[in-house]
Each structure stands twice: as structure tokens, then as C-alpha cells.
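Source file: structure.pdb (PDB, C-alpha atoms)
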```pdb
ATOM      1  CA  ALA K   1     -17.988 -15.280   0.903
ATOM      2  CA  ASP K   2     -17.867 -12.445   3.463
ATOM      3  CA  GLY K   3     -17.706  -9.836   0.732
ATOM      4  CA  ILE K   4     -14.216  -8.571   1.582
ATOM      5  CA  ARG K   5     -10.868  -8.877  -0.131
ATOM      6  CA  PHE K   6      -7.313  -7.802   0.601
ATOM      7  CA  GLU K   7      -4.949  -6.029  -1.750
ATOM      8  CA  PHE K   8      -1.284  -5.509  -0.973
ATOM      9  CA  THR K   9       0.806  -3.091  -2.998
ATOM     10  CA  ALA K  10       4.413  -3.411  -4.099
ATOM     11  CA  ALA K  11       5.300  -0.870  -1.414
ATOM     12  CA  GLY K  12       3.985  -3.217   1.278
ATOM     13  CA  ARG K  13       0.792  -1.291   2.042
ATOM     14  CA  GLY K  14      -2.350  -3.359   2.595
ATOM     15  CA  TYR K  15      -5.944  -2.402   1.838
ATOM     16  CA  LEU K  16      -9.212  -4.155   2.593
ATOM     17  CA  TRP K  17     -12.160  -3.720   0.229
ATOM     18  CA  SER K  18     -15.717  -4.530   1.257
ATOM     19  CA  THR K  19     -18.955  -4.748  -0.685
ATOM     20  CA  ARG K  20     -20.920  -2.844   1.978
ATOM     21  CA  ASP K  21     -20.472  -0.147   4.613
ATOM     22  CA  TYR K  22     -19.777  -1.096   8.218
ATOM     23  CA  ALA K  23     -20.578   0.980  11.286
ATOM     24  CA  ILE K  24     -17.218   0.817  13.047
ATOM     25  CA  ALA K  25     -14.689   3.266  14.436
ATOM     26  CA  THR K  26     -10.991   2.388  14.320
ATOM     27  CA  THR K  27      -7.804   3.716  15.912
ATOM     28  CA  PRO K  28      -4.773   4.832  13.871
ATOM     29  CA  LEU K  29      -1.830   2.508  14.378
ATOM     30  CA  ALA K  30       0.419   5.364  15.543
ATOM     31  CA  ARG K  31      -1.958   6.024  18.431
ATOM     32  CA  ALA K  32      -2.139   2.362  19.443
ATOM     33  CA  LEU K  33       1.623   1.751  19.634
ATOM     34  CA  GLY K  34       2.942   1.145  23.121
ATOM     35  CA  VAL K  35      -0.486   0.816  24.789
ATOM     36  CA  SER K  36      -3.009  -1.960  25.339
ATOM     37  CA  LEU K  37      -4.331  -2.975  21.925
ATOM     38  CA  ARG K  38      -7.487  -4.387  23.501
ATOM     39  CA  ASP K  39      -8.633  -0.839  24.316
ATOM     40  CA  HIS K  40      -8.251   0.244  20.665
ATOM     41  CA  LEU K  41      -9.901  -2.560  18.715
ATOM     42  CA  PRO K  42     -12.775  -1.651  16.339
ATOM     43  CA  ARG K  43     -15.782  -0.112  18.111
ATOM     44  CA  GLY K  44     -19.387   0.433  17.070
ATOM     45  CA  PRO K  45     -22.468  -1.576  16.022
ATOM     46  CA  ASP K  46     -20.494  -3.798  13.614
ATOM     47  CA  ALA K  47     -17.399  -4.090  15.807
ATOM     48  CA  ALA K  48     -18.166  -7.666  16.967
ATOM     49  CA  LEU K  49     -17.950  -8.963  13.389
ATOM     50  CA  TRP K  50     -14.633  -7.212  12.753
ATOM     51  CA  ARG K  51     -13.156  -8.450  16.010
ATOM     52  CA  CYS K  52     -14.226 -11.954  15.036
ATOM     53  CA  TRP K  53     -12.497 -11.563  11.671
ATOM     54  CA  GLY K  54      -9.387 -10.356  13.494
ATOM     55  CA  GLN K  55      -9.339 -13.495  15.638
ATOM     56  CA  GLU K  56      -9.807 -15.740  12.598
ATOM     57  CA  ILE K  57      -6.938 -13.952  10.839
ATOM     58  CA  GLU K  58      -4.726 -14.525  13.894
ATOM     59  CA  MET K  59      -5.439 -18.275  13.731
ATOM     60  CA  LEU K  60      -4.740 -18.408   9.993
ATOM     61  CA  LEU K  61      -1.448 -16.552  10.431
ATOM     62  CA  HIS K  62      -0.437 -18.723  13.383
ATOM     63  CA  ALA K  63      -0.697 -21.837  11.202
ATOM     64  CA  ASP K  64       0.946 -20.311   8.136
ATOM     65  CA  PRO K  65       4.232 -21.931   6.973
ATOM     66  CA  VAL K  66       5.838 -18.488   6.634
ATOM     67  CA  ASN K  67       5.457 -17.920  10.368
ATOM     68  CA  ALA K  68       6.796 -21.376  11.167
ATOM     69  CA  ALA K  69       9.893 -20.538   9.120
ATOM     70  CA  ARG K  70      10.235 -17.176  10.869
ATOM     71  CA  GLU K  71      10.102 -18.753  14.296
ATOM     72  CA  GLU K  72      12.753 -21.306  13.275
ATOM     73  CA  ARG K  73      15.032 -18.357  12.399
ATOM     74  CA  GLY K  74      14.298 -16.680  15.729
ATOM     75  CA  LEU K  75      12.186 -13.931  14.155
ATOM     76  CA  ALA K  76       8.974 -12.551  15.606
ATOM     77  CA  PRO K  77       5.861 -14.006  13.967
ATOM     78  CA  ALA K  78       3.403 -11.905  11.977
ATOM     79  CA  ASN K  79       0.378 -12.834  14.033
ATOM     80  CA  GLY K  80      -2.266 -10.192  13.333
ATOM     81  CA  LEU K  81      -3.537  -7.362  11.157
ATOM     82  CA  TRP K  82      -4.458  -3.907  12.444
ATOM     83  CA  PHE K  83      -7.609  -2.419  10.916
ATOM     84  CA  SER K  84      -7.537   1.377  10.788
ATOM     85  CA  GLY K  85      -8.567   4.237   8.573
ATOM     86  CA  GLY K  86     -11.374   3.339   6.268
ATOM     87  CA  GLY K  87     -14.249   5.130   4.642
ATOM     88  CA  ARG K  88     -15.896   5.636   1.295
ATOM     89  CA  LEU K  89     -14.246   7.577  -1.518
ATOM     90  CA  PRO K  90     -16.027  10.865  -2.168
ATOM     91  CA  PRO K  91     -17.061  11.645  -5.730
ATOM     92  CA  ALA K  92     -14.234  13.092  -7.780
ATOM     93  CA  LEU K  93     -14.347  16.865  -8.099
ATOM     94  CA  PRO K  94     -15.555  18.161 -11.465
ATOM     95  CA  PRO K  95     -12.825  19.587 -13.708
ATOM     96  CA  GLY K  96     -12.254  23.266 -13.197
ATOM     97  CA  SER K  97      -9.725  24.913 -10.939
ATOM     98  CA  ARG K  98      -6.177  23.565 -10.985
ATOM     99  CA  ARG K  99      -4.882  22.056  -7.739
ATOM    100  CA  VAL K 100      -1.396  20.797  -6.887
ATOM    101  CA  LEU K 101      -0.316  18.616  -3.944
ATOM    102  CA  PHE K 102       3.273  18.716  -2.673
ATOM    103  CA  GLY K 103       4.473  15.711  -0.658
ATOM    104  CA  GLY K 104       2.260  13.443   1.399
ATOM    105  CA  ASP K 105       2.149   9.709   1.994
ATOM    106  CA  ALA K 106       0.690   7.192  -0.430
ATOM    107  CA  ASP K 107      -2.884   7.577   0.839
ATOM    108  CA  VAL K 108      -2.805  11.373   0.650
ATOM    109  CA  ARG K 109      -1.357  11.308  -2.853
ATOM    110  CA  ALA K 110      -3.934   8.759  -4.010
ATOM    111  CA  LEU K 111      -6.794  10.871  -2.646
ATOM    112  CA  ALA K 112      -5.368  13.942  -4.365
ATOM    113  CA  LEU K 113      -5.228  12.115  -7.697
ATOM    114  CA  HIS K 114      -8.783  10.894  -7.166
ATOM    115  CA  ALA K 115      -9.865  14.501  -6.598
ATOM    116  CA  GLY K 116      -8.230  15.576  -9.853
ATOM    117  CA  ALA K 117      -5.206  17.307  -8.355
ATOM    118  CA  GLU K 118      -1.672  17.150  -9.701
ATOM    119  CA  VAL K 119       0.881  15.455  -7.457
ATOM    120  CA  ALA K 120       4.386  16.870  -7.017
ATOM    121  CA  GLY K 121       7.349  15.872  -4.839
ATOM    122  CA  ASP K 122       8.266  16.890  -1.318
ATOM    123  CA  VAL K 123       9.363  20.436  -0.558
ATOM    124  CA  ASP K 124      11.179  21.635   2.549
ATOM    125  CA  ARG K 125      10.051  25.276   2.415
ATOM    126  CA  LEU K 126       6.822  27.080   1.587
ATOM    127  CA  ASP K 127       8.675  29.270  -0.935
ATOM    128  CA  ALA K 128       9.516  26.173  -2.967
ATOM    129  CA  ALA K 129       5.837  25.213  -3.109
ATOM    130  CA  LEU K 130       4.855  28.742  -4.135
ATOM    131  CA  ALA K 131       7.443  28.668  -6.908
ATOM    132  CA  GLY K 132       6.437  25.180  -8.036
ATOM    133  CA  ALA K 133       2.680  25.764  -7.995
ATOM    134  CA  GLY K 134       2.947  27.441 -11.396
ATOM    135  CA  GLY K 135      -0.132  29.612 -11.120
ATOM    136  CA  ALA K 136      -2.370  26.899  -9.651
ATOM    137  CA  ASP K 137      -5.684  28.060  -8.215
ATOM    138  CA  GLU K 138      -4.994  26.075  -5.062
ATOM    139  CA  PHE K 139      -2.076  24.073  -3.730
ATOM    140  CA  LEU K 140      -1.816  21.655  -0.840
ATOM    141  CA  LEU K 141       1.345  21.073   1.150
ATOM    142  CA  ALA K 142       1.784  17.981   3.343
ATOM    143  CA  VAL K 143       4.298  18.679   6.124
ATOM    144  CA  GLY K 144       5.679  15.743   8.110
ATOM    145  CA  ALA K 145       5.017  15.486  11.821
ATOM    146  CA  GLU K 146       8.761  15.205  12.483
ATOM    147  CA  GLN K 147       9.273  18.899  11.709
ATOM    148  CA  ALA K 148      10.575  20.865  14.711
ATOM    149  CA  ALA K 149       8.519  23.852  15.854
ATOM    150  CA  ASP K 150      11.240  26.399  15.047
ATOM    151  CA  ALA K 151      11.660  24.913  11.549
ATOM    152  CA  LEU K 152       7.905  25.113  10.952
ATOM    153  CA  GLU K 153       7.992  28.765  11.962
ATOM    154  CA  ARG K 154      11.019  29.631   9.824
ATOM    155  CA  ASP K 155      10.228  27.600   6.711
ATOM    156  CA  PHE K 156       6.422  27.650   6.594
ATOM    157  CA  ALA K 157       4.538  29.886   9.057
ATOM    158  CA  ALA K 158       6.519  33.114   8.602
ATOM    159  CA  PRO K 159       6.680  32.801   4.782
ATOM    160  CA  ALA K 160       2.920  32.097   4.776
ATOM    161  CA  TRP K 161       2.252  35.376   6.597
ATOM    162  CA  ASP K 162       4.513  37.232   4.173
ATOM    163  CA  ALA K 163       2.701  35.642   1.218
ATOM    164  CA  LEU K 164      -0.659  36.720   2.623
ATOM    165  CA  CYS K 165       0.506  40.278   3.258
ATOM    166  CA  SER K 166       2.019  40.611  -0.211
ATOM    167  CA  GLY K 167      -1.050  39.183  -1.922
ATOM    168  CA  ARG K 168       0.762  36.162  -3.389
ATOM    169  CA  VAL K 169      -1.935  33.980  -1.811
ATOM    170  CA  ALA K 170      -5.490  34.925  -0.884
ATOM    171  CA  SER K 171      -6.025  32.525   2.025
ATOM    172  CA  ILE K 172      -4.378  29.680   3.904
ATOM    173  CA  THR K 173      -6.029  26.730   5.644
ATOM    174  CA  LEU K 174      -4.051  24.719   8.179
ATOM    175  CA  VAL K 175      -5.229  21.211   9.063
ATOM    176  CA  ALA K 176      -3.488  19.350  11.898
ATOM    177  CA  ASP K 177      -4.207  15.978  13.451
ATOM    178  CA  GLY K 178      -2.964  13.864  16.304
ATOM    179  CA  ASP K 179      -4.260  11.573  19.064
ATOM    180  CA  GLY K 180      -7.379  10.882  17.010
ATOM    181  CA  ARG K 181      -8.360  14.562  16.763
ATOM    182  CA  VAL K 182      -8.359  16.998  13.863
ATOM    183  CA  ALA K 183      -8.280  20.796  14.028
ATOM    184  CA  SER K 184      -8.541  23.300  11.187
ATOM    185  CA  TRP K 185      -7.708  27.001  10.987
ATOM    186  CA  ASN K 186      -8.331  29.364   8.089
ATOM    187  CA  VAL K 187      -6.885  32.842   7.585
ATOM    188  CA  GLU K 188      -7.427  35.280   4.738
ATOM    189  CA  ARG K 189      -5.298  38.179   3.612
ATOM    190  CA  PRO K 190      -5.121  40.721   6.457
ATOM    191  CA  GLY K 191      -6.434  44.239   6.044
ATOM    192  CA  ALA K 192      -4.217  47.255   5.415
ATOM    193  CA  LEU K 193      -3.859  48.150   9.115
ATOM    194  CA  ALA K 194      -2.745  44.630  10.024
ATOM    195  CA  ARG K 195      -0.231  44.626   7.171
ATOM    196  CA  TRP K 196       1.220  47.994   8.234
ATOM    197  CA  THR K 197       1.629  46.930  11.863
ATOM    198  CA  ALA K 198       2.870  43.417  11.077
ATOM    199  CA  PRO K 199       6.585  44.387  11.328
ATOM    200  CA  LEU K 200       5.925  45.556  14.897
ATOM    201  CA  ARG K 201       4.722  42.097  15.975
ATOM    202  CA  ALA K 202       7.144  39.215  15.741
ATOM    203  CA  ALA K 203       5.300  36.019  14.872
ATOM    204  CA  ASP K 204       6.270  33.214  17.205
ATOM    205  CA  GLY K 205       4.637  30.020  16.021
ATOM    206  CA  ALA K 206       7.111  27.907  17.999
ATOM    207  CA  ALA K 207       5.937  29.468  21.279
ATOM    208  CA  ILE K 208       2.303  28.906  20.331
ATOM    209  CA  ILE K 209       2.938  25.234  19.522
ATOM    210  CA  ALA K 210       4.853  24.740  22.780
ATOM    211  CA  THR K 211       2.016  26.337  24.764
ATOM    212  CA  LEU K 212      -0.601  24.104  23.111
ATOM    213  CA  ALA K 213       1.524  21.009  23.747
ATOM    214  CA  ALA K 214       1.947  21.924  27.426
ATOM    215  CA  ALA K 215      -1.810  22.417  27.803
ATOM    216  CA  ARG K 216      -2.722  18.924  26.517
TER     217      ARG K 216
END
```
Would you encode the structure as C-alpha cells?
Amino acid sequence: ADGIRFEFTAAGRGYLWSTRDYAIATTPLARALGVSLRDHLPRGPDAALWRCWGQEIEMLLHADPVNAAREERGLAPANGLWFSGGGRLPPALPPGSRRVLFGGDADVRALALHAGAEVAGDVDRLDAALAGAGGADEFLLAVGAEQAADALERDFAAPAWDALCSGRVASITLVADGDGRVASWNVERPGALARWTAPLRAADGAAIIATLAAAR
């Protein structure tokens, strides 16, 4: 009756569909772990309704026989759902240029398929993505947050600079997120002077990342 429904996949991921848009802002679960959840509940003009739904869900779960059985076995109860993410799917891109996505979680891969991109497996080096792109007009590479700074430099950043200098790729866009913020950088193939002097300057992405982390 509220115009919402839940769908849970075989992989254990849950999605909520609604028949209308809601003016709320949510907090990613990773950012809410270990802190007061009250400070990260839905916010915005429609937040009161969503908080009310959250309380009703808590009561339904509290009375569910599954939770009673869990408590009898000494297990923690499943006593709430965390609403995060959300939005409206953009229109699918018209057919044209060929795009390939390497890696990514289920949501990223689903969005790539919706946009008409091909989806490939994980790669641990940029060279593997370049080899596997097979002449694609554009490829996207999802790199896990667990990557160490020196590994990012060795396996992705330095090869990306080499690929730009050699002309294997025309441009690279880096998108990074964390703590509810997103930043994007774009670089195109450097000019001749920059390519000639590149060997004189050692790229040190690890130092840059460490400096940014210390400045937060």
C-alpha cells in the first residue's frame, strides 16, 4: 500500500523499489560502521517517513520467528535494515562506441550493463586491462579500496602514464570516493616536451596519496 517493495538476490543483496521519488539523503553503510547510527539516518524533506518505516521494520523483525530462533541459539538478532544508496536509473546510452568494464561490485556491474557496456572479470594490473580491452573505445577499471598505495603506483598509475606517453590511450579519468565525498581527475596525453622530460621525473603516486591522507 505504501508503493514500495523489497527484492533480495541470491547473493544476499537487498534492493528497495518505490513508485515515486523521495527527497532524502542517505549514508553509505561503510561510513556508518562504528559510529552512532542515529547521526546517519535518512535526512531531507521525506526523511521522517523513511525513519518511520525503519522503526516499523524493526518491530516486524523483532517479532519474527527467525529472530526468536536465532536468540535461542545465542545468535545476534537481525533487528533492522540500513537504507543507503538510491537514485533513479539514467537512460541507457545509445548504441555506438564500445565500452568494457573490468571488475567492480554487483551494483557497478549492473549499471555498466544498463549503460550498454561489456562486463569482464577482475584484473590486478592496468596492462591486463589494456590487453583485454580488445580495441574498445573506452574501458573502465574498478580498483578495490584495499589496494596499497605502492601497489597502485606500480600496477596502475605508472603504467597509465606510460600508456598516455606512448599513445596507447588518449586520456584517463580517475574517480575516487570515500567518507561521502567524490573527486574526479582527468588527464590527456602529454605534449612532446612533457614526454621527453618524463624520464627525469620519477612519479610517486604513493607519496601523493600519503600526503592527501595526512591532510584530511
Exercise for review: Enumerate, as a ChimeraX atom specification, the residues matched when the PyMOL selection byres ((chain K and resi 57-65) around 8) is run on the file above.
Suggested key: /K:53-56,66-69,77-81
Check your understanding: From the set K:Ile24, K:Val175, K:Ala142, K:Ala129, which residue has the shortest atom-to-atom contact distance to Gly85 in chain K, counting all atoms listed in the file?
Key -> K:Ile24
**Study point:** Residue IDs satisfying the PyMOL selection byres ((chain K and resi 153-155) around 8), as a list in words
**Key:** Asp124, Arg125, Leu126, Asp127, Ala149, Asp150, Ala151, Leu152, Phe156, Ala157, Ala158, Pro159, Asp204, Gly205 and Ala206 of chain K
Exercise for review: Rounded to one decimal place, report the CA of Thr173 in chain K-CA of Ala136 in chain K distance in Å.
Suggested key: 15.7 Å
Exercise for review: Run the PyMOL selection byres ((chain K and resi 45) around 7) mentally over the shown coordinates, then write out the matched residues as a VMD selection string, using the chain letters and numbers from the document.
Suggested key: chain K and resid 23 to 24 44 46 to 47
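Residue nearest Arg88 in chain K within the list K:Val123, K:Ala131, K:Val100, K:Leu16: K:Leu16 [criterion: smallest interatomic distance, all atoms listed in the file].
Atom pair CA of Leu113 in chain K / CA of Phe8 in chain K has a distance of 19.3 Å (rounded to one decimal).
Computed from the coordinates, the CA of Leu140 in chain K to CA of Leu101 in chain K distance equals 4.6 Å.
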Point to revise | Residues within 12 Å of (-15.2, 0.8, 13.5), file coords, all atoms listed in the file, listed as a PyMOL selection string | key: chain K and resi 21-28+40-51+82-87
Go ahead and save the picked residues with C-alpha atoms, as a PDB file, in the frame of the given file.
```pdb
ATOM      1  CA  ASP K  21     -20.472  -0.147   4.613  1.00  0.00           C
ATOM      2  CA  TYR K  22     -19.777  -1.096   8.218  1.00  0.00           C
ATOM      3  CA  ALA K  23     -20.578   0.980  11.286  1.00  0.00           C
ATOM      4  CA  ILE K  24     -17.218   0.817  13.047  1.00  0.00           C
ATOM      5  CA  ALA K  25     -14.689   3.266  14.436  1.00  0.00           C
ATOM      6  CA  THR K  26     -10.991   2.388  14.320  1.00  0.00           C
ATOM      7  CA  THR K  27      -7.804   3.716  15.912  1.00  0.00           C
ATOM      8  CA  PRO K  28      -4.773   4.832  13.871  1.00  0.00           C
ATOM      9  CA  HIS K  40      -8.251   0.244  20.665  1.00  0.00           C
ATOM     10  CA  LEU K  41      -9.901  -2.560  18.715  1.00  0.00           C
ATOM     11  CA  PRO K  42     -12.775  -1.651  16.339  1.00  0.00           C
ATOM     12  CA  ARG K  43     -15.782  -0.112  18.111  1.00  0.00           C
ATOM     13  CA  GLY K  44     -19.387   0.433  17.070  1.00  0.00           C
ATOM     14  CA  PRO K  45     -22.468  -1.576  16.022  1.00  0.00           C
ATOM     15  CA  ASP K  46     -20.494  -3.798  13.614  1.00  0.00           C
ATOM     16  CA  ALA K  47     -17.399  -4.090  15.807  1.00  0.00           C
ATOM     17  CA  ALA K  48     -18.166  -7.666  16.967  1.00  0.00           C
ATOM     18  CA  LEU K  49     -17.950  -8.963  13.389  1.00  0.00           C
ATOM     19  CA  TRP K  50     -14.633  -7.212  12.753  1.00  0.00           C
ATOM     20  CA  ARG K  51     -13.156  -8.450  16.010  1.00  0.00           C
ATOM     21  CA  TRP K  82      -4.458  -3.907  12.444  1.00  0.00           C
ATOM     22  CA  PHE K  83      -7.609  -2.419  10.916  1.00  0.00           C
ATOM     23  CA  SER K  84      -7.537   1.377  10.788  1.00  0.00           C
ATOM     24  CA  GLY K  85      -8.567   4.237   8.573  1.00  0.00           C
ATOM     25  CA  GLY K  86     -11.374   3.339   6.268  1.00  0.00           C
ATOM     26  CA  GLY K  87     -14.249   5.130   4.642  1.00  0.00           C
TER      27      GLY K  87
END
```
